[in-house]
Amino acid sequence: MMKLHVCPECKYRVLTSRRLECECKNCQVSMLKVDTVGFEEWWQMSEDERDVAIEQFLDNIKLRISI
């Protein structure tokens, strides 16, 4: 199963099949696993839709942390 990971700092994205955890190649910080978007849905999105989905995911994470 493919997994999407995003860097909380620079928003770099990567799809993985085996890794459970990833480190950003740009920032060297732990990336977050995006569990709100499935691989097939991600694959069918335009780049703008992907950007919006990532922003919503990161905003949701920030809300969870601040509560």
# chains A, B, ... in the order shown; residues from 1 in each chain; ligands from 1
call {"tool": "select_by_dssp", "arguments": {"residues": "chain A", "states": "alpha helix (DSSP H)", "output": "list of chain:residue names"}}
result
A:Phe39, A:Glu40, A:Glu41, A:Trp42, A:Trp43, A:Gln44, A:Glu47, A:Asp48, A:Glu49, A:Arg50, A:Asp51, A:Val52, A:Ala53, A:Ile54, A:Glu55, A:Gln56, A:Phe57, A:Leu58, A:Asp59, A:Asn60, A:Ile61, A:Lys62, A:Leu63, A:Arg64, A:Ile65, A:Ser66
call {"tool": "write_last_selection", "arguments": {"atoms": "N, CA, C and O atoms", "output": "CSV table (one decimal), in the first residue's frame"}}
result
chain,number,residue,atom,x,y,z
A,39,PHE,N,-4.0,6.9,-1.8
A,39,PHE,CA,-3.2,7.0,-3.0
A,39,PHE,C,-4.0,7.2,-4.3
A,39,PHE,O,-3.6,8.1,-5.1
A,40,GLU,N,-5.0,6.5,-4.5
A,40,GLU,CA,-5.8,6.7,-5.7
A,40,GLU,C,-6.4,8.0,-5.9
A,40,GLU,O,-6.4,8.6,-6.9
A,41,GLU,N,-6.9,8.6,-4.8
A,41,GLU,CA,-7.4,9.9,-4.8
A,41,GLU,C,-6.3,10.9,-5.1
A,41,GLU,O,-6.5,11.9,-5.9
A,42,TRP,N,-5.2,10.7,-4.4
A,42,TRP,CA,-4.0,11.6,-4.6
A,42,TRP,C,-3.6,11.6,-6.1
A,42,TRP,O,-3.3,12.6,-6.7
A,43,TRP,N,-3.5,10.4,-6.7
A,43,TRP,CA,-3.1,10.3,-8.1
A,43,TRP,C,-4.0,11.0,-9.0
A,43,TRP,O,-3.5,11.5,-10.1
A,44,GLN,N,-5.3,11.1,-8.7
A,44,GLN,CA,-6.2,11.7,-9.6
A,44,GLN,C,-6.3,13.2,-9.4
A,44,GLN,O,-6.9,13.9,-10.3
A,47,GLU,N,-2.4,19.4,-9.4
A,47,GLU,CA,-1.3,19.9,-8.5
A,47,GLU,C,-1.9,20.9,-7.5
A,47,GLU,O,-1.6,20.9,-6.3
A,48,ASP,N,-2.9,21.7,-8.0
A,48,ASP,CA,-3.5,22.7,-7.1
A,48,ASP,C,-4.4,22.0,-6.0
A,48,ASP,O,-4.4,22.4,-4.8
A,49,GLU,N,-5.1,20.9,-6.4
A,49,GLU,CA,-5.9,20.2,-5.4
A,49,GLU,C,-4.9,19.5,-4.4
A,49,GLU,O,-5.3,19.5,-3.2
A,50,ARG,N,-3.8,19.1,-4.8
A,50,ARG,CA,-2.8,18.4,-3.9
A,50,ARG,C,-2.3,19.5,-2.9
A,50,ARG,O,-2.2,19.2,-1.7
A,51,ASP,N,-2.0,20.7,-3.4
A,51,ASP,CA,-1.6,21.7,-2.5
A,51,ASP,C,-2.6,22.1,-1.4
A,51,ASP,O,-2.3,22.2,-0.3
A,52,VAL,N,-3.9,22.1,-1.8
A,52,VAL,CA,-4.9,22.4,-0.9
A,52,VAL,C,-5.1,21.3,0.1
A,52,VAL,O,-5.2,21.6,1.3
A,53,ALA,N,-5.0,20.1,-0.3
A,53,ALA,CA,-5.1,18.9,0.6
A,53,ALA,C,-4.0,18.9,1.6
A,53,ALA,O,-4.2,18.7,2.8
A,54,ILE,N,-2.8,19.2,1.2
A,54,ILE,CA,-1.7,19.3,2.1
A,54,ILE,C,-1.8,20.4,3.1
A,54,ILE,O,-1.6,20.3,4.3
A,55,GLU,N,-2.3,21.6,2.6
A,55,GLU,CA,-2.5,22.7,3.5
A,55,GLU,C,-3.6,22.4,4.6
A,55,GLU,O,-3.4,22.7,5.8
A,56,GLN,N,-4.6,21.8,4.1
A,56,GLN,CA,-5.7,21.4,5.1
A,56,GLN,C,-5.2,20.4,6.1
A,56,GLN,O,-5.5,20.5,7.3
A,57,PHE,N,-4.4,19.4,5.6
A,57,PHE,CA,-3.8,18.4,6.5
A,57,PHE,C,-2.9,19.1,7.6
A,57,PHE,O,-3.1,18.8,8.8
A,58,LEU,N,-2.0,19.9,7.1
A,58,LEU,CA,-1.1,20.6,8.1
A,58,LEU,C,-1.9,21.5,9.0
A,58,LEU,O,-1.5,21.6,10.2
A,59,ASP,N,-2.9,22.2,8.6
A,59,ASP,CA,-3.7,23.1,9.4
A,59,ASP,C,-4.4,22.2,10.5
A,59,ASP,O,-4.5,22.6,11.7
A,60,ASN,N,-4.9,21.1,10.1
A,60,ASN,CA,-5.6,20.2,11.0
A,60,ASN,C,-4.6,19.7,12.1
A,60,ASN,O,-4.9,19.6,13.3
A,61,ILE,N,-3.4,19.3,11.7
A,61,ILE,CA,-2.4,18.9,12.6
A,61,ILE,C,-2.0,20.0,13.6
A,61,ILE,O,-1.9,19.8,14.8
A,62,LYS,N,-1.9,21.2,13.1
A,62,LYS,CA,-1.6,22.4,14.0
A,62,LYS,C,-2.8,22.5,15.1
A,62,LYS,O,-2.5,22.8,16.2
A,63,LEU,N,-4.0,22.4,14.6
A,63,LEU,CA,-5.1,22.5,15.5
A,63,LEU,C,-5.1,21.4,16.6
A,63,LEU,O,-5.3,21.7,17.8
A,64,ARG,N,-4.8,20.2,16.2
A,64,ARG,CA,-4.7,19.1,17.2
A,64,ARG,C,-3.6,19.3,18.2
A,64,ARG,O,-3.7,19.0,19.4
A,65,ILE,N,-2.5,19.9,17.8
A,65,ILE,CA,-1.3,20.1,18.7
A,65,ILE,C,-1.7,21.2,19.6
A,65,ILE,O,-1.3,21.2,20.8
A,66,SER,N,-2.4,22.3,19.2
A,66,SER,CA,-2.7,23.4,20.1
A,66,SER,C,-3.8,23.1,21.1
A,66,SER,O,-3.9,23.9,22.0
call {"tool": "residues_around", "arguments": {"residues": "A:Arg13", "least_positions_apart": "5", "cutoff": "10 Å", "atoms": "only C-alpha atoms", "output": "JSON, numbers by chain"}}
result
{"A": [4, 5, 6, 7, 8, 24, 31, 32, 33, 34, 50, 54]}
call {"tool": "write_last_selection", "arguments": {"atoms": "all heavy atoms", "output": "compact mmCIF listing (two decimals), in the first residue's frame"}}
result
# COMPACT_ATOMS: atom_id res chain seq x y z
N LEU A 4 1.56 8.47 1.66
CA LEU A 4 1.99 9.83 1.37
C LEU A 4 2.55 10.45 2.63
O LEU A 4 1.94 10.36 3.70
CB LEU A 4 0.80 10.65 0.86
CG LEU A 4 1.03 12.14 0.67
CD1 LEU A 4 2.07 12.40 -0.42
CD2 LEU A 4 -0.29 12.83 0.32
N HIS A 5 3.73 11.06 2.52
CA HIS A 5 4.36 11.75 3.63
C HIS A 5 4.64 13.19 3.20
O HIS A 5 4.95 13.45 2.04
CB HIS A 5 5.69 11.09 4.02
CG HIS A 5 5.54 9.68 4.47
ND1 HIS A 5 5.37 9.34 5.78
CD2 HIS A 5 5.52 8.52 3.79
CE1 HIS A 5 5.27 8.03 5.90
NE2 HIS A 5 5.35 7.50 4.68
N VAL A 6 4.53 14.13 4.16
CA VAL A 6 4.77 15.54 3.88
C VAL A 6 5.65 16.12 4.98
O VAL A 6 5.53 15.77 6.15
CB VAL A 6 3.44 16.33 3.75
CG1 VAL A 6 2.67 16.33 5.05
CG2 VAL A 6 3.69 17.75 3.29
N CYS A 7 6.54 17.02 4.57
CA CYS A 7 7.40 17.71 5.51
C CYS A 7 6.62 18.87 6.11
O CYS A 7 6.06 19.70 5.36
CB CYS A 7 8.65 18.24 4.81
SG CYS A 7 9.70 19.24 5.89
N PRO A 8 6.56 18.98 7.44
CA PRO A 8 5.83 20.08 8.05
C PRO A 8 6.53 21.43 7.89
O PRO A 8 5.91 22.48 8.05
CB PRO A 8 5.75 19.69 9.53
CG PRO A 8 6.89 18.76 9.74
CD PRO A 8 7.11 18.06 8.43
N CYS A 24 12.74 14.31 5.73
CA CYS A 24 12.76 15.23 4.58
C CYS A 24 14.17 15.36 4.06
O CYS A 24 15.11 15.60 4.83
CB CYS A 24 12.21 16.59 5.01
SG CYS A 24 12.22 17.80 3.68
N MET A 31 9.05 13.51 8.59
CA MET A 31 7.88 13.84 7.79
C MET A 31 6.64 13.23 8.44
O MET A 31 6.74 12.27 9.20
CB MET A 31 8.06 13.33 6.36
CG MET A 31 9.23 13.97 5.65
SD MET A 31 9.51 13.33 4.00
CE MET A 31 8.27 14.26 3.09
N LEU A 32 5.49 13.81 8.14
CA LEU A 32 4.23 13.34 8.68
C LEU A 32 3.51 12.48 7.65
O LEU A 32 3.48 12.81 6.46
CB LEU A 32 3.33 14.53 9.04
CG LEU A 32 3.93 15.54 10.02
CD1 LEU A 32 3.02 16.77 10.10
CD2 LEU A 32 4.11 14.91 11.37
N LYS A 33 2.92 11.38 8.10
CA LYS A 33 2.14 10.52 7.21
C LYS A 33 0.76 11.15 7.04
O LYS A 33 0.07 11.43 8.00
CB LYS A 33 2.01 9.12 7.78
CG LYS A 33 1.24 8.20 6.87
CD LYS A 33 1.16 6.80 7.45
CE LYS A 33 0.27 5.97 6.57
NZ LYS A 33 -0.80 5.35 7.27
N VAL A 34 0.39 11.38 5.78
CA VAL A 34 -0.91 11.96 5.47
C VAL A 34 -1.92 10.83 5.37
O VAL A 34 -1.86 10.01 4.46
CB VAL A 34 -0.85 12.75 4.14
CG1 VAL A 34 -2.21 13.34 3.81
CG2 VAL A 34 0.21 13.83 4.21
N ARG A 50 -3.80 19.06 -4.82
CA ARG A 50 -2.84 18.45 -3.90
C ARG A 50 -2.33 19.47 -2.90
O ARG A 50 -2.21 19.19 -1.70
CB ARG A 50 -1.66 17.84 -4.66
CG ARG A 50 -2.03 16.62 -5.44
CD ARG A 50 -0.88 16.12 -6.27
NE ARG A 50 -1.26 14.92 -7.01
CZ ARG A 50 -0.49 14.30 -7.86
NH1 ARG A 50 0.73 14.76 -8.10
NH2 ARG A 50 -0.92 13.22 -8.48
N ILE A 54 -2.79 19.25 1.18
CA ILE A 54 -1.65 19.30 2.10
C ILE A 54 -1.84 20.44 3.10
O ILE A 54 -1.60 20.27 4.30
CB ILE A 54 -0.32 19.45 1.33
CG1 ILE A 54 -0.04 18.18 0.53
CG2 ILE A 54 0.82 19.80 2.26
CD1 ILE A 54 0.12 16.92 1.37
call {"tool": "closest_residue", "arguments": {"among": "A:Glu9, A:Glu23, A:Ser17, A:Met2", "to": "A:Val37", "atoms": "only C-alpha atoms"}}
result
A:Met2
call {"tool": "decode", "arguments": {"residues": "stretch 23-39 of chain A", "atoms": "all heavy atoms", "output": "PDB file, in the first residue's frame"}}
result
ATOM      1  N   GLU A  23      12.297  10.930   6.466  1.00  0.00           N
ATOM      2  CA  GLU A  23      12.961  12.171   6.832  1.00  0.00           C
ATOM      3  C   GLU A  23      13.040  13.027   5.576  1.00  0.00           C
ATOM      4  O   GLU A  23      13.379  12.535   4.495  1.00  0.00           O
ATOM      5  CB  GLU A  23      14.361  11.877   7.362  1.00  0.00           C
ATOM      6  CG  GLU A  23      15.062  13.101   7.877  1.00  0.00           C
ATOM      7  CD  GLU A  23      16.414  12.774   8.467  1.00  0.00           C
ATOM      8  OE1 GLU A  23      16.444  12.322   9.625  1.00  0.00           O
ATOM      9  OE2 GLU A  23      17.432  12.963   7.758  1.00  0.00           O
ATOM     10  N   CYS A  24      12.735  14.305   5.727  1.00  0.00           N
ATOM     11  CA  CYS A  24      12.756  15.227   4.583  1.00  0.00           C
ATOM     12  C   CYS A  24      14.175  15.363   4.058  1.00  0.00           C
ATOM     13  O   CYS A  24      15.109  15.596   4.829  1.00  0.00           O
ATOM     14  CB  CYS A  24      12.208  16.586   5.006  1.00  0.00           C
ATOM     15  SG  CYS A  24      12.223  17.796   3.678  1.00  0.00           S
ATOM     16  N   LYS A  25      14.331  15.246   2.755  1.00  0.00           N
ATOM     17  CA  LYS A  25      15.660  15.371   2.161  1.00  0.00           C
ATOM     18  C   LYS A  25      16.142  16.816   2.145  1.00  0.00           C
ATOM     19  O   LYS A  25      17.325  17.069   2.029  1.00  0.00           O
ATOM     20  CB  LYS A  25      15.681  14.786   0.752  1.00  0.00           C
ATOM     21  CG  LYS A  25      14.927  15.588  -0.273  1.00  0.00           C
ATOM     22  CD  LYS A  25      15.080  14.982  -1.652  1.00  0.00           C
ATOM     23  CE  LYS A  25      14.509  15.920  -2.684  1.00  0.00           C
ATOM     24  NZ  LYS A  25      14.775  15.470  -4.028  1.00  0.00           N
ATOM     25  N   ASN A  26      15.215  17.770   2.305  1.00  0.00           N
ATOM     26  CA  ASN A  26      15.586  19.183   2.319  1.00  0.00           C
ATOM     27  C   ASN A  26      15.889  19.696   3.728  1.00  0.00           C
ATOM     28  O   ASN A  26      16.856  20.406   3.938  1.00  0.00           O
ATOM     29  CB  ASN A  26      14.468  20.042   1.718  1.00  0.00           C
ATOM     30  CG  ASN A  26      14.186  19.697   0.287  1.00  0.00           C
ATOM     31  OD1 ASN A  26      15.086  19.409  -0.490  1.00  0.00           O
ATOM     32  ND2 ASN A  26      12.922  19.710  -0.077  1.00  0.00           N
ATOM     33  N   CYS A  27      15.017  19.350   4.679  1.00  0.00           N
ATOM     34  CA  CYS A  27      15.093  19.909   6.034  1.00  0.00           C
ATOM     35  C   CYS A  27      15.667  18.955   7.071  1.00  0.00           C
ATOM     36  O   CYS A  27      15.946  19.377   8.189  1.00  0.00           O
ATOM     37  CB  CYS A  27      13.691  20.315   6.494  1.00  0.00           C
ATOM     38  SG  CYS A  27      12.856  21.448   5.379  1.00  0.00           S
ATOM     39  N   GLN A  28      15.752  17.688   6.748  1.00  0.00           N
ATOM     40  CA  GLN A  28      16.220  16.661   7.671  1.00  0.00           C
ATOM     41  C   GLN A  28      15.363  16.588   8.946  1.00  0.00           C
ATOM     42  O   GLN A  28      15.869  16.359  10.038  1.00  0.00           O
ATOM     43  CB  GLN A  28      17.704  16.848   8.052  1.00  0.00           C
ATOM     44  CG  GLN A  28      18.680  16.479   6.967  1.00  0.00           C
ATOM     45  CD  GLN A  28      18.729  17.475   5.832  1.00  0.00           C
ATOM     46  OE1 GLN A  28      18.770  18.677   6.049  1.00  0.00           O
ATOM     47  NE2 GLN A  28      18.708  16.980   4.608  1.00  0.00           N
ATOM     48  N   VAL A  29      14.053  16.804   8.792  1.00  0.00           N
ATOM     49  CA  VAL A  29      13.113  16.631   9.894  1.00  0.00           C
ATOM     50  C   VAL A  29      12.196  15.460   9.561  1.00  0.00           C
ATOM     51  O   VAL A  29      12.051  15.080   8.400  1.00  0.00           O
ATOM     52  CB  VAL A  29      12.275  17.907  10.169  1.00  0.00           C
ATOM     53  CG1 VAL A  29      13.161  19.070  10.548  1.00  0.00           C
ATOM     54  CG2 VAL A  29      11.415  18.261   8.979  1.00  0.00           C
ATOM     55  N   SER A  30      11.570  14.908  10.578  1.00  0.00           N
ATOM     56  CA  SER A  30      10.634  13.798  10.360  1.00  0.00           C
ATOM     57  C   SER A  30       9.424  14.286   9.588  1.00  0.00           C
ATOM     58  O   SER A  30       8.855  15.331   9.904  1.00  0.00           O
ATOM     59  CB  SER A  30      10.184  13.224  11.690  1.00  0.00           C
ATOM     60  OG  SER A  30      11.252  12.580  12.322  1.00  0.00           O
ATOM     61  N   MET A  31       9.052  13.507   8.587  1.00  0.00           N
ATOM     62  CA  MET A  31       7.876  13.841   7.786  1.00  0.00           C
ATOM     63  C   MET A  31       6.643  13.233   8.436  1.00  0.00           C
ATOM     64  O   MET A  31       6.737  12.271   9.198  1.00  0.00           O
ATOM     65  CB  MET A  31       8.060  13.333   6.361  1.00  0.00           C
ATOM     66  CG  MET A  31       9.231  13.971   5.650  1.00  0.00           C
ATOM     67  SD  MET A  31       9.505  13.332   4.002  1.00  0.00           S
ATOM     68  CE  MET A  31       8.271  14.255   3.089  1.00  0.00           C
ATOM     69  N   LEU A  32       5.489  13.810   8.138  1.00  0.00           N
ATOM     70  CA  LEU A  32       4.225  13.342   8.682  1.00  0.00           C
ATOM     71  C   LEU A  32       3.513  12.475   7.649  1.00  0.00           C
ATOM     72  O   LEU A  32       3.481  12.811   6.462  1.00  0.00           O
ATOM     73  CB  LEU A  32       3.334  14.530   9.041  1.00  0.00           C
ATOM     74  CG  LEU A  32       3.926  15.543  10.018  1.00  0.00           C
ATOM     75  CD1 LEU A  32       3.022  16.766  10.100  1.00  0.00           C
ATOM     76  CD2 LEU A  32       4.113  14.908  11.370  1.00  0.00           C
ATOM     77  N   LYS A  33       2.924  11.378   8.102  1.00  0.00           N
ATOM     78  CA  LYS A  33       2.142  10.519   7.210  1.00  0.00           C
ATOM     79  C   LYS A  33       0.764  11.147   7.038  1.00  0.00           C
ATOM     80  O   LYS A  33       0.068  11.431   7.999  1.00  0.00           O
ATOM     81  CB  LYS A  33       2.005   9.117   7.784  1.00  0.00           C
ATOM     82  CG  LYS A  33       1.242   8.195   6.873  1.00  0.00           C
ATOM     83  CD  LYS A  33       1.160   6.798   7.450  1.00  0.00           C
ATOM     84  CE  LYS A  33       0.270   5.965   6.566  1.00  0.00           C
ATOM     85  NZ  LYS A  33      -0.801   5.346   7.271  1.00  0.00           N
ATOM     86  N   VAL A  34       0.386  11.375   5.785  1.00  0.00           N
ATOM     87  CA  VAL A  34      -0.908  11.962   5.466  1.00  0.00           C
ATOM     88  C   VAL A  34      -1.922  10.829   5.368  1.00  0.00           C
ATOM     89  O   VAL A  34      -1.860  10.006   4.464  1.00  0.00           O
ATOM     90  CB  VAL A  34      -0.852  12.751   4.141  1.00  0.00           C
ATOM     91  CG1 VAL A  34      -2.214  13.337   3.810  1.00  0.00           C
ATOM     92  CG2 VAL A  34       0.212  13.825   4.205  1.00  0.00           C
ATOM     93  N   ASP A  35      -2.841  10.805   6.320  1.00  0.00           N
ATOM     94  CA  ASP A  35      -3.833   9.730   6.347  1.00  0.00           C
ATOM     95  C   ASP A  35      -5.209  10.190   5.883  1.00  0.00           C
ATOM     96  O   ASP A  35      -6.162   9.431   5.912  1.00  0.00           O
ATOM     97  CB  ASP A  35      -3.917   9.123   7.742  1.00  0.00           C
ATOM     98  CG  ASP A  35      -4.190  10.159   8.817  1.00  0.00           C
ATOM     99  OD1 ASP A  35      -4.351  11.348   8.486  1.00  0.00           O
ATOM    100  OD2 ASP A  35      -4.221   9.772   9.998  1.00  0.00           O
ATOM    101  N   THR A  36      -5.300  11.437   5.436  1.00  0.00           N
ATOM    102  CA  THR A  36      -6.591  11.979   5.004  1.00  0.00           C
ATOM    103  C   THR A  36      -6.846  11.808   3.514  1.00  0.00           C
ATOM    104  O   THR A  36      -7.960  12.001   3.056  1.00  0.00           O
ATOM    105  CB  THR A  36      -6.693  13.475   5.361  1.00  0.00           C
ATOM    106  OG1 THR A  36      -5.594  14.166   4.760  1.00  0.00           O
ATOM    107  CG2 THR A  36      -6.663  13.680   6.865  1.00  0.00           C
ATOM    108  N   VAL A  37      -5.806  11.443   2.763  1.00  0.00           N
ATOM    109  CA  VAL A  37      -5.925  11.280   1.314  1.00  0.00           C
ATOM    110  C   VAL A  37      -5.333   9.928   0.929  1.00  0.00           C
ATOM    111  O   VAL A  37      -4.179   9.644   1.250  1.00  0.00           O
ATOM    112  CB  VAL A  37      -5.173  12.397   0.553  1.00  0.00           C
ATOM    113  CG1 VAL A  37      -5.294  12.207  -0.943  1.00  0.00           C
ATOM    114  CG2 VAL A  37      -5.675  13.769   0.957  1.00  0.00           C
ATOM    115  N   GLY A  38      -6.111   9.117   0.241  1.00  0.00           N
ATOM    116  CA  GLY A  38      -5.629   7.826  -0.236  1.00  0.00           C
ATOM    117  C   GLY A  38      -4.815   7.982  -1.506  1.00  0.00           C
ATOM    118  O   GLY A  38      -4.887   9.004  -2.198  1.00  0.00           O
ATOM    119  N   PHE A  39      -4.048   6.945  -1.833  1.00  0.00           N
ATOM    120  CA  PHE A  39      -3.178   6.989  -3.000  1.00  0.00           C
ATOM    121  C   PHE A  39      -3.954   7.230  -4.293  1.00  0.00           C
ATOM    122  O   PHE A  39      -3.568   8.070  -5.109  1.00  0.00           O
ATOM    123  CB  PHE A  39      -2.364   5.695  -3.104  1.00  0.00           C
ATOM    124  CG  PHE A  39      -1.594   5.587  -4.385  1.00  0.00           C
ATOM    125  CD1 PHE A  39      -0.479   6.372  -4.593  1.00  0.00           C
ATOM    126  CD2 PHE A  39      -1.990   4.718  -5.387  1.00  0.00           C
ATOM    127  CE1 PHE A  39       0.243   6.283  -5.782  1.00  0.00           C
ATOM    128  CE2 PHE A  39      -1.285   4.624  -6.570  1.00  0.00           C
ATOM    129  CZ  PHE A  39      -0.166   5.406  -6.764  1.00  0.00           C
TER     130      PHE A  39
END
